[in-house]
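Asks: So here's target-v9.cif, just mmCIF, C-alpha atoms; chains and numbers go by the auth columns:
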```
data_upload
loop_
_atom_site.group_PDB
_atom_site.id
_atom_site.type_symbol
_atom_site.label_atom_id
_atom_site.label_comp_id
_atom_site.label_asym_id
_atom_site.label_seq_id
_atom_site.Cartn_x
_atom_site.Cartn_y
_atom_site.Cartn_z
_atom_site.B_iso_or_equiv
_atom_site.auth_seq_id
_atom_site.auth_asym_id
ATOM 1 C CA LYS A 1 31.660 11.020 28.906 0.00 199 A
ATOM 2 C CA ARG A 2 32.447 7.769 27.182 0.00 200 A
ATOM 3 C CA GLN A 3 36.104 8.198 28.101 0.00 201 A
ATOM 4 C CA ASP A 4 35.236 7.506 31.722 0.00 202 A
ATOM 5 C CA LEU A 5 33.822 4.044 30.951 0.00 203 A
ATOM 6 C CA SER A 6 35.690 0.862 31.710 0.00 204 A
ATOM 7 C CA GLU A 7 36.984 -1.225 28.827 0.00 205 A
ATOM 8 C CA GLU A 8 34.363 -3.878 29.540 0.00 206 A
ATOM 9 C CA THR A 9 31.527 -1.331 29.474 0.00 207 A
ATOM 10 C CA GLU A 10 32.911 0.182 26.270 0.00 208 A
ATOM 11 C CA THR A 11 32.960 -3.272 24.657 0.00 209 A
ATOM 12 C CA VAL A 12 29.333 -3.891 25.676 0.00 210 A
ATOM 13 C CA LEU A 13 28.277 -0.496 24.299 0.00 211 A
ATOM 14 C CA LEU A 14 30.050 -1.137 20.991 0.00 212 A
ATOM 15 C CA GLU A 15 28.309 -4.513 20.716 0.00 213 A
ATOM 16 C CA LEU A 16 24.932 -2.911 21.471 0.00 214 A
ATOM 17 C CA GLU A 17 25.585 -0.250 18.818 0.00 215 A
ATOM 18 C CA ARG A 18 26.385 -2.977 16.273 0.00 216 A
ATOM 19 C CA TRP A 19 23.142 -4.737 17.164 0.00 217 A
ATOM 20 C CA GLN A 20 21.284 -1.455 16.886 0.00 218 A
ATOM 21 C CA GLU A 21 22.711 -0.958 13.374 0.00 219 A
ATOM 22 C CA VAL A 22 21.736 -4.505 12.365 0.00 220 A
ATOM 23 C CA ILE A 23 18.207 -3.967 13.673 0.00 221 A
ATOM 24 C CA PHE A 24 17.997 -0.647 11.834 0.00 222 A
ATOM 25 C CA LEU A 25 19.134 -2.227 8.548 0.00 223 A
ATOM 26 C CA LYS A 26 16.727 -5.155 8.904 0.00 224 A
ATOM 27 C CA LYS A 27 13.871 -2.805 9.739 0.00 225 A
ATOM 28 C CA ARG A 28 14.683 -0.657 6.692 0.00 226 A
ATOM 29 C CA ALA A 29 14.829 -3.770 4.470 0.00 227 A
ATOM 30 C CA HIS A 30 11.475 -4.941 5.863 0.00 228 A
ATOM 31 C CA ILE A 31 9.896 -1.560 5.145 0.00 229 A
ATOM 32 C CA ARG A 32 11.351 -1.596 1.629 0.00 230 A
ATOM 33 C CA GLN A 33 10.028 -5.134 1.120 0.00 231 A
ATOM 34 C CA LYS A 34 6.552 -4.011 2.201 0.00 232 A
ATOM 35 C CA GLU A 35 6.739 -1.100 -0.215 0.00 233 A
ATOM 36 C CA ASP A 36 7.663 -3.492 -3.007 0.00 234 A
ATOM 37 C CA THR A 37 4.597 -5.646 -2.368 0.00 235 A
ATOM 38 C CA VAL A 38 2.141 -5.236 -5.211 0.00 236 A
ATOM 39 C CA ARG A 39 -1.133 -3.909 -3.868 0.00 237 A
ATOM 40 C CA VAL A 40 -4.291 -4.604 -5.858 0.00 238 A
ATOM 41 C CA LEU A 41 -7.620 -2.855 -5.364 0.00 239 A
ATOM 42 C CA MET A 42 -10.736 -4.725 -6.468 0.00 240 A
ATOM 43 C CA ILE A 43 -13.807 -2.510 -6.883 0.00 241 A
ATOM 44 C CA GLN A 44 -17.318 -3.837 -7.357 0.00 242 A
ATOM 45 C CA GLY A 45 -19.801 -1.141 -8.265 0.00 243 A
ATOM 46 C CA PRO A 46 -23.563 -0.658 -8.506 0.00 244 A
ATOM 47 C CA ASN A 47 -25.623 -3.715 -9.407 0.00 245 A
ATOM 48 C CA VAL A 48 -22.670 -5.906 -8.394 0.00 246 A
ATOM 49 C CA ALA A 49 -21.741 -5.013 -4.838 0.00 247 A
ATOM 50 C CA ALA A 50 -24.812 -6.106 -2.910 0.00 248 A
ATOM 51 C CA MET A 51 -25.579 -9.059 -5.138 0.00 249 A
ATOM 52 C CA ASN A 52 -24.347 -12.599 -4.920 0.00 250 A
ATOM 53 C CA LEU A 53 -22.581 -13.413 -8.162 0.00 251 A
ATOM 54 C CA GLY A 54 -24.677 -16.509 -8.772 0.00 252 A
ATOM 55 C CA GLU A 55 -28.031 -14.833 -8.273 0.00 253 A
ATOM 56 C CA ARG A 56 -27.883 -12.677 -11.390 0.00 254 A
ATOM 57 C CA GLU A 57 -29.878 -14.073 -14.281 0.00 255 A
ATOM 58 C CA GLY A 58 -31.737 -16.406 -11.884 0.00 256 A
ATOM 59 C CA ARG A 59 -28.815 -18.770 -11.260 0.00 257 A
ATOM 60 C CA SER A 60 -28.415 -20.174 -7.764 0.00 258 A
ATOM 61 C CA GLY A 61 -25.876 -22.220 -5.878 0.00 259 A
ATOM 62 C CA LYS A 62 -22.921 -20.116 -6.998 0.00 260 A
ATOM 63 C CA ARG A 63 -20.298 -18.397 -4.890 0.00 261 A
ATOM 64 C CA THR A 64 -21.175 -15.262 -2.981 0.00 262 A
ATOM 65 C CA ALA A 65 -19.257 -12.010 -3.310 0.00 263 A
ATOM 66 C CA GLY A 66 -17.638 -12.857 0.047 0.00 264 A
ATOM 67 C CA ASP A 67 -16.504 -16.215 -1.317 0.00 265 A
ATOM 68 C CA MET A 68 -14.974 -14.458 -4.295 0.00 266 A
ATOM 69 C CA ARG A 69 -13.164 -11.966 -2.051 0.00 267 A
ATOM 70 C CA ARG A 70 -11.603 -14.849 -0.113 0.00 268 A
ATOM 71 C CA PHE A 71 -10.658 -16.628 -3.347 0.00 269 A
ATOM 72 C CA ILE A 72 -9.080 -13.471 -4.815 0.00 270 A
ATOM 73 C CA SER A 73 -7.237 -12.707 -1.554 0.00 271 A
ATOM 74 C CA GLN A 74 -5.762 -16.208 -1.482 0.00 272 A
ATOM 75 C CA ALA A 75 -4.758 -16.030 -5.147 0.00 273 A
ATOM 76 C CA ALA A 76 -3.139 -12.620 -4.637 0.00 274 A
ATOM 77 C CA GLU A 77 -1.276 -13.841 -1.561 0.00 275 A
ATOM 78 C CA ALA A 78 0.010 -16.887 -3.459 0.00 276 A
ATOM 79 C CA CYS A 79 1.487 -14.455 -6.002 0.00 277 A
ATOM 80 C CA GLY A 80 3.062 -12.262 -3.315 0.00 278 A
ATOM 81 C CA MET A 81 0.437 -9.538 -3.673 0.00 279 A
ATOM 82 C CA VAL A 82 -2.084 -7.971 -1.336 0.00 280 A
ATOM 83 C CA ALA A 83 -5.691 -7.482 -2.471 0.00 281 A
ATOM 84 C CA ASP A 84 -8.096 -4.980 -0.952 0.00 282 A
ATOM 85 C CA PHE A 85 -11.790 -4.753 -1.800 0.00 283 A
ATOM 86 C CA PHE A 86 -14.331 -2.005 -2.094 0.00 284 A
ATOM 87 C CA CYS A 87 -17.988 -2.705 -2.804 0.00 285 A
ATOM 88 C CA THR A 88 -20.649 -0.060 -3.208 0.00 286 A
ATOM 89 C CA ASP A 89 -24.028 0.556 -4.744 0.00 287 A
ATOM 90 C CA SER A 90 -23.197 4.239 -5.107 0.00 288 A
ATOM 91 C CA GLU A 91 -21.462 5.489 -8.225 0.00 289 A
ATOM 92 C CA GLU A 92 -20.354 8.572 -6.268 0.00 290 A
ATOM 93 C CA ALA A 93 -18.659 6.412 -3.613 0.00 291 A
ATOM 94 C CA MET A 94 -17.051 4.307 -6.336 0.00 292 A
ATOM 95 C CA ILE A 95 -15.652 7.408 -8.063 0.00 293 A
ATOM 96 C CA GLN A 96 -14.229 8.666 -4.760 0.00 294 A
ATOM 97 C CA ARG A 97 -12.527 5.290 -4.112 0.00 295 A
ATOM 98 C CA ILE A 98 -11.117 5.252 -7.645 0.00 296 A
ATOM 99 C CA ARG A 99 -9.560 8.672 -7.020 0.00 297 A
ATOM 100 C CA GLU A 100 -8.017 7.390 -3.783 0.00 298 A
ATOM 101 C CA ALA A 101 -6.571 4.325 -5.554 0.00 299 A
ATOM 102 C CA ALA A 102 -3.681 6.377 -6.913 0.00 300 A
ATOM 103 C CA LYS A 103 -2.289 6.388 -3.383 0.00 301 A
ATOM 104 C CA GLY A 104 -0.864 3.027 -2.454 0.00 302 A
ATOM 105 C CA TYR A 105 -2.060 0.680 -5.197 0.00 303 A
ATOM 106 C CA HIS A 106 -0.234 -0.763 -8.175 0.00 304 A
ATOM 107 C CA LEU A 107 -3.235 -2.256 -9.999 0.00 305 A
ATOM 108 C CA LEU A 108 -6.984 -1.662 -10.093 0.00 306 A
ATOM 109 C CA ILE A 109 -9.446 -4.406 -11.012 0.00 307 A
ATOM 110 C CA ILE A 110 -12.958 -3.093 -11.466 0.00 308 A
ATOM 111 C CA ASP A 111 -16.371 -4.571 -12.123 0.00 309 A
ATOM 112 C CA PRO A 112 -18.136 -1.220 -12.427 0.00 310 A
ATOM 113 C CA GLY A 113 -21.597 -2.696 -12.879 0.00 311 A
ATOM 114 C CA GLN A 114 -24.097 -0.453 -14.603 0.00 312 A
ATOM 115 C CA PRO A 115 -21.844 2.652 -14.676 0.00 313 A
ATOM 116 C CA ALA A 116 -19.719 0.832 -17.250 0.00 314 A
ATOM 117 C CA CYS A 117 -22.533 1.565 -19.664 0.00 315 A
ATOM 118 C CA THR A 118 -23.679 4.946 -18.371 0.00 316 A
ATOM 119 C CA GLY A 119 -21.196 6.571 -15.981 0.00 317 A
ATOM 120 C CA ARG A 120 -19.075 9.328 -17.490 0.00 318 A
ATOM 121 C CA GLY A 121 -17.816 10.214 -13.988 0.00 319 A
ATOM 122 C CA THR A 122 -16.498 6.681 -13.508 0.00 320 A
ATOM 123 C CA ARG A 123 -14.668 6.873 -16.826 0.00 321 A
ATOM 124 C CA ASP A 124 -13.143 10.269 -16.013 0.00 322 A
ATOM 125 C CA ALA A 125 -11.943 9.081 -12.588 0.00 323 A
ATOM 126 C CA LEU A 126 -10.329 5.992 -14.135 0.00 324 A
ATOM 127 C CA ALA A 127 -8.727 8.028 -16.919 0.00 325 A
ATOM 128 C CA ALA A 128 -6.962 10.159 -14.303 0.00 326 A
ATOM 129 C CA LEU A 129 -5.210 7.123 -12.750 0.00 327 A
ATOM 130 C CA ASP A 130 -1.616 6.326 -13.628 0.00 328 A
ATOM 131 C CA LEU A 131 -1.829 2.591 -13.015 0.00 329 A
ATOM 132 C CA PRO A 132 -3.052 -0.478 -14.905 0.00 330 A
ATOM 133 C CA ILE A 133 -6.819 -0.968 -14.863 0.00 331 A
ATOM 134 C CA ILE A 134 -8.453 -4.315 -15.588 0.00 332 A
ATOM 135 C CA GLU A 135 -12.170 -4.098 -16.321 0.00 333 A
ATOM 136 C CA VAL A 136 -14.053 -7.310 -15.546 0.00 334 A
ATOM 137 C CA HIS A 137 -17.643 -8.430 -16.081 0.00 335 A
ATOM 138 C CA PRO A 138 -18.804 -11.960 -15.172 0.00 336 A
ATOM 139 C CA LEU A 139 -21.292 -11.752 -18.055 0.00 337 A
ATOM 140 C CA HIS A 140 -20.933 -10.254 -21.515 0.00 338 A
ATOM 141 C CA SER A 141 -23.231 -7.486 -20.276 0.00 339 A
ATOM 142 C CA CYS A 142 -22.024 -4.921 -22.773 0.00 340 A
ATOM 143 C CA HIS A 143 -22.420 -7.346 -25.623 0.00 341 A
ATOM 144 C CA ASP A 144 -25.816 -8.868 -24.860 0.00 342 A
ATOM 145 C CA GLY A 145 -28.044 -5.946 -25.715 0.00 343 A
ATOM 146 C CA LEU A 146 -27.851 -4.104 -22.383 0.00 344 A
ATOM 147 C CA CYS A 147 -25.561 -1.549 -23.974 0.00 345 A
ATOM 148 C CA ARG A 148 -23.410 -1.374 -27.073 0.00 346 A
ATOM 149 C CA LYS A 149 -19.997 -1.007 -25.431 0.00 347 A
ATOM 150 C CA SER A 150 -18.381 -0.369 -22.098 0.00 348 A
ATOM 151 C CA GLY A 151 -18.334 3.258 -21.010 0.00 349 A
ATOM 152 C CA ILE A 152 -14.816 2.801 -19.645 0.00 350 A
ATOM 153 C CA GLU A 153 -13.456 1.114 -22.729 0.00 351 A
ATOM 154 C CA GLY A 154 -10.345 2.949 -23.816 0.00 352 A
ATOM 155 C CA VAL A 155 -9.209 3.861 -20.303 0.00 353 A
ATOM 156 C CA SER A 156 -8.865 0.299 -19.056 0.00 354 A
ATOM 157 C CA THR A 157 -5.647 -1.561 -19.778 0.00 355 A
ATOM 158 C CA ALA A 158 -7.429 -4.880 -20.200 0.00 356 A
ATOM 159 C CA TYR A 159 -11.013 -6.144 -20.499 0.00 357 A
ATOM 160 C CA LEU A 160 -12.210 -9.564 -19.404 0.00 358 A
ATOM 161 C CA ALA A 161 -15.839 -10.697 -19.553 0.00 359 A
ATOM 162 C CA GLY A 162 -18.113 -13.671 -19.919 0.00 360 A
ATOM 163 C CA PHE A 163 -16.454 -16.277 -17.725 0.00 361 A
ATOM 164 C CA GLY A 164 -18.871 -16.045 -14.806 0.00 362 A
ATOM 165 C CA GLU A 165 -17.192 -16.195 -11.429 0.00 363 A
ATOM 166 C CA GLN A 166 -13.930 -17.292 -13.096 0.00 364 A
ATOM 167 C CA THR A 167 -13.688 -13.803 -14.607 0.00 365 A
ATOM 168 C CA TYR A 168 -12.424 -12.552 -11.274 0.00 366 A
#
```
Let me see the file written as structure tokens.

Replies:
Amino acid sequence: KRQDLSEETETVLLELERWQEVIFLKKRAHIRQKEDTVRVLMIQGPNVAAMNLGEREGRSGKRTAGDMRRFISQAAEACGMVADFFCTDSEEAMIQRIREAAKGYHLLIIDPGQPACTGRGTRDALAALDLPIIEVHPLHSCHDGLCRKSGIEGVSTAYLAGFGEQTY
């Protein structure tokens, strides 16, 4: 059918096809760029999620969990990363979200709260992940008599504690 087209129409169609190819290549590069973006999941578990960071131990006037989420999001964006957050007071919900983290995330940062000391299920879910895990605690909770050591120690790639809100 293309044989019946005028030379001018054929030229326009060829130009449109070239543009279509350019658009396709740019779209593919954009998708690839999005796939290359490092995605971080920040999980705050029981005894952390519903609490303002500054209210633990009777301190007031500190940043709220929402403030910290904004701060972490901005820091991640400045580094070319995307940060998502999950907060829960349910260890079961936290375990389910940890299992889902294998799909689409490159790094997991977790303040597991109390399950760090007691939750075998949390540890097992983290151990099954094939991505770096950074365990964080604003306080030295596992070193101040609340428990002897973190229950997820050994499955986390890194451990950071005791710097208050700066830990995040």

Asks: Pick out the residues sitting within 10 Å of Ala291 (chain A), and hand them over as an mmCIF file with C-alpha atoms, in the frame of the given file; count all atoms listed in the file, and ignore anything fewer than 6 positions along from it in its own chain.

Replies:
```cif
data_model
loop_
_atom_site.group_PDB
_atom_site.id
_atom_site.type_symbol
_atom_site.label_atom_id
_atom_site.label_comp_id
_atom_site.auth_asym_id
_atom_site.auth_seq_id
_atom_site.Cartn_x
_atom_site.Cartn_y
_atom_site.Cartn_z
ATOM 1 C CA GLY A 243 -19.801 -1.141 -8.265
ATOM 2 C CA PRO A 244 -23.563 -0.658 -8.506
ATOM 3 C CA PHE A 284 -14.331 -2.005 -2.094
ATOM 4 C CA CYS A 285 -17.988 -2.705 -2.804
ATOM 5 C CA ARG A 297 -9.560 8.672 -7.020
#
```

Asks: Selected by the PyMOL selection byres ((chain A and resi 335) around 8) in the shown coordinates: which residues, as a list of chain:residue names?

Replies: A:Asp309, A:Gly311, A:Glu333, A:Val334, A:Pro336, A:Leu337, A:His338, A:Ser339, A:Leu358, A:Ala359, A:Gly360, A:Gly362, A:Thr365

Asks: Could you tell me how far CA of Gln294 (chain A) sits from CA of Ser354 (chain A), in Å to one decimal place?

Replies: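 CA of Gln294 (chain A) lies at a distance of 17.4 Å from CA of Ser354 (chain A).
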
Asks: Which value, in Å to one decimal, gives the distance between CA of Glu351 (chain A) and CA of Arg318 (chain A)?

Replies: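 Interatomic distance, CA of Glu351 (chain A) to CA of Arg318 (chain A): 11.2 Å.
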
Asks: When distances are computed from only C-alpha atoms, which of A:Val280, A:Glu206, A:Ile332, A:Leu211 shows the smallest separation from Tyr357 (chain A)?

Replies: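 Selected residue with least distance to Tyr357 (chain A): A:Ile332.
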
Asks: Identify all residues satisfying the PyMOL selection byres ((chain A and resi 325-328) around 10) in the given file; provide them as a list in words.

Replies: Ile296, Arg297, Glu298, Ala299, Ala300, Lys301, His304, Leu305, Leu306, Gly319, Thr320, Arg321, Asp322, Ala323, Leu324, Leu329, Pro330, Ile331, Ile350, Gly352, Val353 and Ser354 of chain A

Asks: Take the residues that were just selected and, keeping C-alpha atoms, output them as a compact mmCIF listing (two decimals), keeping the file's coordinate frame.

Replies:
```
# COMPACT_ATOMS: atom_id res chain seq x y z
CA ILE A 296 -11.12 5.25 -7.64
CA ARG A 297 -9.56 8.67 -7.02
CA GLU A 298 -8.02 7.39 -3.78
CA ALA A 299 -6.57 4.32 -5.55
CA ALA A 300 -3.68 6.38 -6.91
CA LYS A 301 -2.29 6.39 -3.38
CA HIS A 304 -0.23 -0.76 -8.18
CA LEU A 305 -3.24 -2.26 -10.00
CA LEU A 306 -6.98 -1.66 -10.09
CA GLY A 319 -17.82 10.21 -13.99
CA THR A 320 -16.50 6.68 -13.51
CA ARG A 321 -14.67 6.87 -16.83
CA ASP A 322 -13.14 10.27 -16.01
CA ALA A 323 -11.94 9.08 -12.59
CA LEU A 324 -10.33 5.99 -14.14
CA LEU A 329 -1.83 2.59 -13.02
CA PRO A 330 -3.05 -0.48 -14.90
CA ILE A 331 -6.82 -0.97 -14.86
CA ILE A 350 -14.82 2.80 -19.64
CA GLY A 352 -10.34 2.95 -23.82
CA VAL A 353 -9.21 3.86 -20.30
CA SER A 354 -8.86 0.30 -19.06
```

Asks: Which residues match the PyMOL selection byres ((chain A and resi 270-278) around 10) in the file above, as a ChimeraX atom specification?

Replies: /A:234-238,240,264-269,279-283,366

Asks: Which of these residues is nearest to Gly302 (chain A), using all atoms listed in the file: A:Ser288, A:Leu212, A:Glu219, A:Leu239?

Replies: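 Closest residue, counting all atoms listed in the file: A:Leu239.
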
Asks: Would you mind reading off the distance between CA of Met292 (chain A) and CA of Thr262 (chain A), one decimal, in Å?

Replies: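 Taking CA of Met292 (chain A) and CA of Thr262 (chain A), their separation equals 20.3 Å.
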